[in-house]
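Input: a single structure, listed below in structure tokens.
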Amino acid sequence: MLQDEATILLAELDGSKKETMMKMRFWALLVASGLVIFSAGAQDYPTRQIDLAVPFAAGGPTDTLARGLAQVMSAQLKQTVVVENVPGAGGTIAANRVVKAKPDGYSLLITHIGLATAPSLYRKLPFNPLKDFEYVGQVADVPMTLIAKTSLPPDNLTQLIAYIKKNNAKLNLGHAGLGAASQLCGLLFTSRIQTEITTIPYNGTAPAMTALIGGEIDLMCDQTTNTTNPIRSGMVKVYGTTTSKRIAVLPMVPTLAEQGLKDFEVAVWHGVYAPKGTPPAVINRLVTALQASVQDKQFKKRLSDLGAEVVTPDKATPASLEKKLNAEVEKWAAIIKKAGVYAD
């Protein structure tokens, strides 16, 4: 009907007006065709390999989680999901790369609470974590453990705190670099016991753990995905977990809270993000795949064996991840400001 009315209208116009109308109709058809093609592309997604950027070095806790997720997501999406390690600057290099990537669903980011602390840690952050991403959903929560080299004298947390207060000038605490979860946990711990310790940054969790096992550093606070096996094998000494209750994979390890450090609870949450402007149809496809992945029995067991807890499907959503990120940005801003830690 609309086409017939347009034909009648064109017949009534003079030559110049008719030519203008024809040009307008031509461009309208091109735009409409482009929308149809774009929509079809989104509906067919994915048709090729998907890159999943990890902001930290291979062998670390986030890398371990990402590789497990990539495997199950590949099966769900029927396309290969490839993990790409892009370490540096506390995870901001990888995040900025994904922010600038084409918003077509083929460049994704998986990262942890470091995205929430970046606005407070960096004075010149090249992106806005709250505005420059499309949210896909949360993946897993990973508890942390306070560990030490085996030769450190204290046998429990009470003794450790007393020992630190007496010898803090001689002790050091290693971490995986600025913005790493291990640094944040360490900051929170020293803040709570009101005693400063020299901190030593490493280029990733793996080298920091190697240094601890070798006795080069005294203390570290890191995720169970990285510390469970060294604790079980006796390669490090453990003083407690950062959870409200003991974790199943390390039932013999008391929480820091039950040893007197009240309300000390840190879980490293991880989420998946896409560049801003990624089509809703693509995001919906990714969310569907993520929700199926967090229910995969093998994936859940693999992480559970390392002390991590895969989220329930209701948390593997854009709304849940957005809410979590906003709350964590606010929470860590106060802690980081008090500690006076930042980078240009």
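How things are named: the first chain in the structure tokens is A, the next is B, and so on; residues count from 1 in each chain; ligands count from 1 in the order shown.
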
Exercise for the section: Write out as number ranges by chain the residues lying within 12 Å of stretch 277-280 of chain A, counting only C-alpha atoms and excluding same-chain residues fewer than 4 positions away. Expected result: A: 35, 38-43, 45, 98-108, 131-136, 273, 284-287, 318

Exercise for the section: Determine, counting only C-alpha atoms, which protein, DNA and RNA residues have an atom within 10 Å of an atom of A:Thr288; residues of the same chain fewer than 3 positions away are not included. Present the result as a ChimeraX atom specification. Expected result: /A:73,76-77,136,282-285,291-293,313,316-317

Exercise for the section: Rank A:Ala53, A:Leu146, A:Leu171, A:Leu325 by their smallest atom-to-atom distance to A:Thr227, using only C-alpha atoms, and report the top residue only. Expected result: A:Leu146

Practice task
Find the residues near stretch 247-262 of chain A: any atom within 9 Å, counting only C-alpha atoms, skip ones fewer than 4 places away on the same chain, and give them as a VMD selection string.
Solution key: chain A and resid 143 145 to 146 156 to 158 192 to 193 228 231 to 232 238 to 243 304 to 308

Practice task
Show which residues sit within 8 Å of A:Val86, as a VMD selection string. Count only C-alpha atoms, and ignore same-chain residues fewer than 3 positions away.
Solution key: chain A and resid 53 to 57 91 93 to 94

Exercise for the section: Have a look at atom CA of A:Gly59 and atom CA of A:Pro207 and let me know their distance in Å, one decimal. Expected result: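 About the pair atom CA of A:Gly59 and atom CA of A:Pro207: they are 9.4 Å apart.
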
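For stretch 99-206 of chain A, the set of residues given strand (DSSP E) by DSSP on the backbone reads Ser107, Leu108, Leu109, Ile110, Thr111, Phe133, Glu134, Tyr135, Val136, Gly137, Gln138, Val139, Ala140, Asp141, Val142, Pro143, Met144, Thr145, Leu146, Ile147, Ala148, Asn172, Leu173, Gly174, His175, Thr198, Thr199, Ile200 and Pro201 of chain A.
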
With N, CA and C atoms kept, could you save the residues just selected as a PDB file, in the first residue's frame?
ATOM      1  N   SER A 107      35.823  -9.716  19.851  1.00  0.00           N
ATOM      2  CA  SER A 107      36.864  -9.315  20.799  1.00  0.00           C
ATOM      3  C   SER A 107      36.208  -9.106  22.160  1.00  0.00           C
ATOM      4  N   LEU A 108      36.532  -9.976  23.103  1.00  0.00           N
ATOM      5  CA  LEU A 108      35.934  -9.934  24.431  1.00  0.00           C
ATOM      6  C   LEU A 108      37.021  -9.800  25.487  1.00  0.00           C
ATOM      7  N   LEU A 109      36.613  -9.422  26.679  1.00  0.00           N
ATOM      8  CA  LEU A 109      37.527  -9.278  27.804  1.00  0.00           C
ATOM      9  C   LEU A 109      37.000 -10.065  28.989  1.00  0.00           C
ATOM     10  N   ILE A 110      37.884 -10.811  29.647  1.00  0.00           N
ATOM     11  CA  ILE A 110      37.541 -11.405  30.931  1.00  0.00           C
ATOM     12  C   ILE A 110      38.530 -10.852  31.944  1.00  0.00           C
ATOM     13  N   THR A 111      38.026 -10.283  33.017  1.00  0.00           N
ATOM     14  CA  THR A 111      38.903  -9.707  34.036  1.00  0.00           C
ATOM     15  C   THR A 111      38.223  -9.770  35.391  1.00  0.00           C
ATOM     16  N   PHE A 133      31.998  -0.275  28.109  1.00  0.00           N
ATOM     17  CA  PHE A 133      31.814  -1.694  27.820  1.00  0.00           C
ATOM     18  C   PHE A 133      30.338  -2.057  27.748  1.00  0.00           C
ATOM     19  N   GLU A 134      30.070  -3.121  27.023  1.00  0.00           N
ATOM     20  CA  GLU A 134      28.788  -3.805  27.133  1.00  0.00           C
ATOM     21  C   GLU A 134      29.029  -4.970  28.092  1.00  0.00           C
ATOM     22  N   TYR A 135      28.123  -5.158  29.033  1.00  0.00           N
ATOM     23  CA  TYR A 135      28.284  -6.225  30.016  1.00  0.00           C
ATOM     24  C   TYR A 135      27.717  -7.543  29.477  1.00  0.00           C
ATOM     25  N   VAL A 136      28.431  -8.628  29.729  1.00  0.00           N
ATOM     26  CA  VAL A 136      27.929  -9.951  29.368  1.00  0.00           C
ATOM     27  C   VAL A 136      27.459 -10.687  30.623  1.00  0.00           C
ATOM     28  N   GLY A 137      28.340 -10.804  31.623  1.00  0.00           N
ATOM     29  CA  GLY A 137      27.915 -11.428  32.865  1.00  0.00           C
ATOM     30  C   GLY A 137      29.072 -11.866  33.741  1.00  0.00           C
ATOM     31  N   GLN A 138      28.764 -12.178  34.996  1.00  0.00           N
ATOM     32  CA  GLN A 138      29.762 -12.690  35.929  1.00  0.00           C
ATOM     33  C   GLN A 138      30.055 -14.156  35.614  1.00  0.00           C
ATOM     34  N   VAL A 139      31.230 -14.611  36.045  1.00  0.00           N
ATOM     35  CA  VAL A 139      31.645 -15.986  35.771  1.00  0.00           C
ATOM     36  C   VAL A 139      31.861 -16.781  37.054  1.00  0.00           C
ATOM     37  N   ALA A 140      32.717 -16.267  37.923  1.00  0.00           N
ATOM     38  CA  ALA A 140      33.050 -17.026  39.125  1.00  0.00           C
ATOM     39  C   ALA A 140      33.571 -16.102  40.217  1.00  0.00           C
ATOM     40  N   ASP A 141      33.440 -16.565  41.459  1.00  0.00           N
ATOM     41  CA  ASP A 141      34.009 -15.888  42.619  1.00  0.00           C
ATOM     42  C   ASP A 141      35.131 -16.773  43.149  1.00  0.00           C
ATOM     43  N   VAL A 142      36.274 -16.169  43.379  1.00  0.00           N
ATOM     44  CA  VAL A 142      37.433 -16.932  43.841  1.00  0.00           C
ATOM     45  C   VAL A 142      37.911 -16.395  45.191  1.00  0.00           C
ATOM     46  N   PRO A 143      37.897 -17.238  46.241  1.00  0.00           N
ATOM     47  CA  PRO A 143      38.410 -16.810  47.556  1.00  0.00           C
ATOM     48  C   PRO A 143      39.907 -16.581  47.482  1.00  0.00           C
ATOM     49  N   MET A 144      40.440 -15.944  48.504  1.00  0.00           N
ATOM     50  CA  MET A 144      41.878 -15.709  48.568  1.00  0.00           C
ATOM     51  C   MET A 144      42.439 -16.327  49.841  1.00  0.00           C
ATOM     52  N   THR A 145      43.735 -16.520  49.844  1.00  0.00           N
ATOM     53  CA  THR A 145      44.416 -17.085  51.009  1.00  0.00           C
ATOM     54  C   THR A 145      45.619 -16.232  51.360  1.00  0.00           C
ATOM     55  N   LEU A 146      45.876 -16.100  52.637  1.00  0.00           N
ATOM     56  CA  LEU A 146      47.072 -15.405  53.116  1.00  0.00           C
ATOM     57  C   LEU A 146      48.139 -16.475  53.332  1.00  0.00           C
ATOM     58  N   ILE A 147      49.208 -16.411  52.568  1.00  0.00           N
ATOM     59  CA  ILE A 147      50.239 -17.442  52.615  1.00  0.00           C
ATOM     60  C   ILE A 147      51.615 -16.827  52.855  1.00  0.00           C
ATOM     61  N   ALA A 148      52.577 -17.692  53.188  1.00  0.00           N
ATOM     62  CA  ALA A 148      53.926 -17.220  53.483  1.00  0.00           C
ATOM     63  C   ALA A 148      54.948 -18.277  53.086  1.00  0.00           C
ATOM     64  N   ASN A 172      58.577  -8.365  53.828  1.00  0.00           N
ATOM     65  CA  ASN A 172      58.010  -7.865  52.581  1.00  0.00           C
ATOM     66  C   ASN A 172      56.840  -8.727  52.147  1.00  0.00           C
ATOM     67  N   LEU A 173      56.027  -8.137  51.304  1.00  0.00           N
ATOM     68  CA  LEU A 173      54.816  -8.799  50.813  1.00  0.00           C
ATOM     69  C   LEU A 173      54.802  -8.688  49.296  1.00  0.00           C
ATOM     70  N   GLY A 174      54.807  -9.826  48.609  1.00  0.00           N
ATOM     71  CA  GLY A 174      54.831  -9.809  47.157  1.00  0.00           C
ATOM     72  C   GLY A 174      53.444  -9.796  46.550  1.00  0.00           C
ATOM     73  N   HIS A 175      53.366  -9.301  45.339  1.00  0.00           N
ATOM     74  CA  HIS A 175      52.090  -9.329  44.618  1.00  0.00           C
ATOM     75  C   HIS A 175      52.343  -9.351  43.113  1.00  0.00           C
ATOM     76  N   THR A 198      56.806  -3.524  53.387  1.00  0.00           N
ATOM     77  CA  THR A 198      57.346  -3.273  52.056  1.00  0.00           C
ATOM     78  C   THR A 198      56.700  -4.232  51.063  1.00  0.00           C
ATOM     79  N   THR A 199      56.204  -3.694  49.957  1.00  0.00           N
ATOM     80  CA  THR A 199      55.585  -4.542  48.936  1.00  0.00           C
ATOM     81  C   THR A 199      56.500  -4.660  47.727  1.00  0.00           C
ATOM     82  N   ILE A 200      56.520  -5.844  47.137  1.00  0.00           N
ATOM     83  CA  ILE A 200      57.359  -6.100  45.967  1.00  0.00           C
ATOM     84  C   ILE A 200      56.485  -6.595  44.818  1.00  0.00           C
ATOM     85  N   PRO A 201      56.361  -5.802  43.759  1.00  0.00           N
ATOM     86  CA  PRO A 201      55.540  -6.209  42.611  1.00  0.00           C
ATOM     87  C   PRO A 201      56.288  -7.142  41.670  1.00  0.00           C
TER      88      PRO A 201
END

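Note that the spacing between atom CA of A:Leu152 and atom CA of A:Ala208 amounts to 16.7 Å.
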
Exercise for the section: Return the single residue from A:Gln183, A:Gln49, A:Thr64, A:Gln298 that is closest to A:Thr117, with distances computed using only C-alpha atoms. Expected result: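 Of A:Gln183, A:Gln49, A:Thr64, A:Gln298, the one nearest A:Thr117 is A:Gln183, counting only C-alpha atoms.
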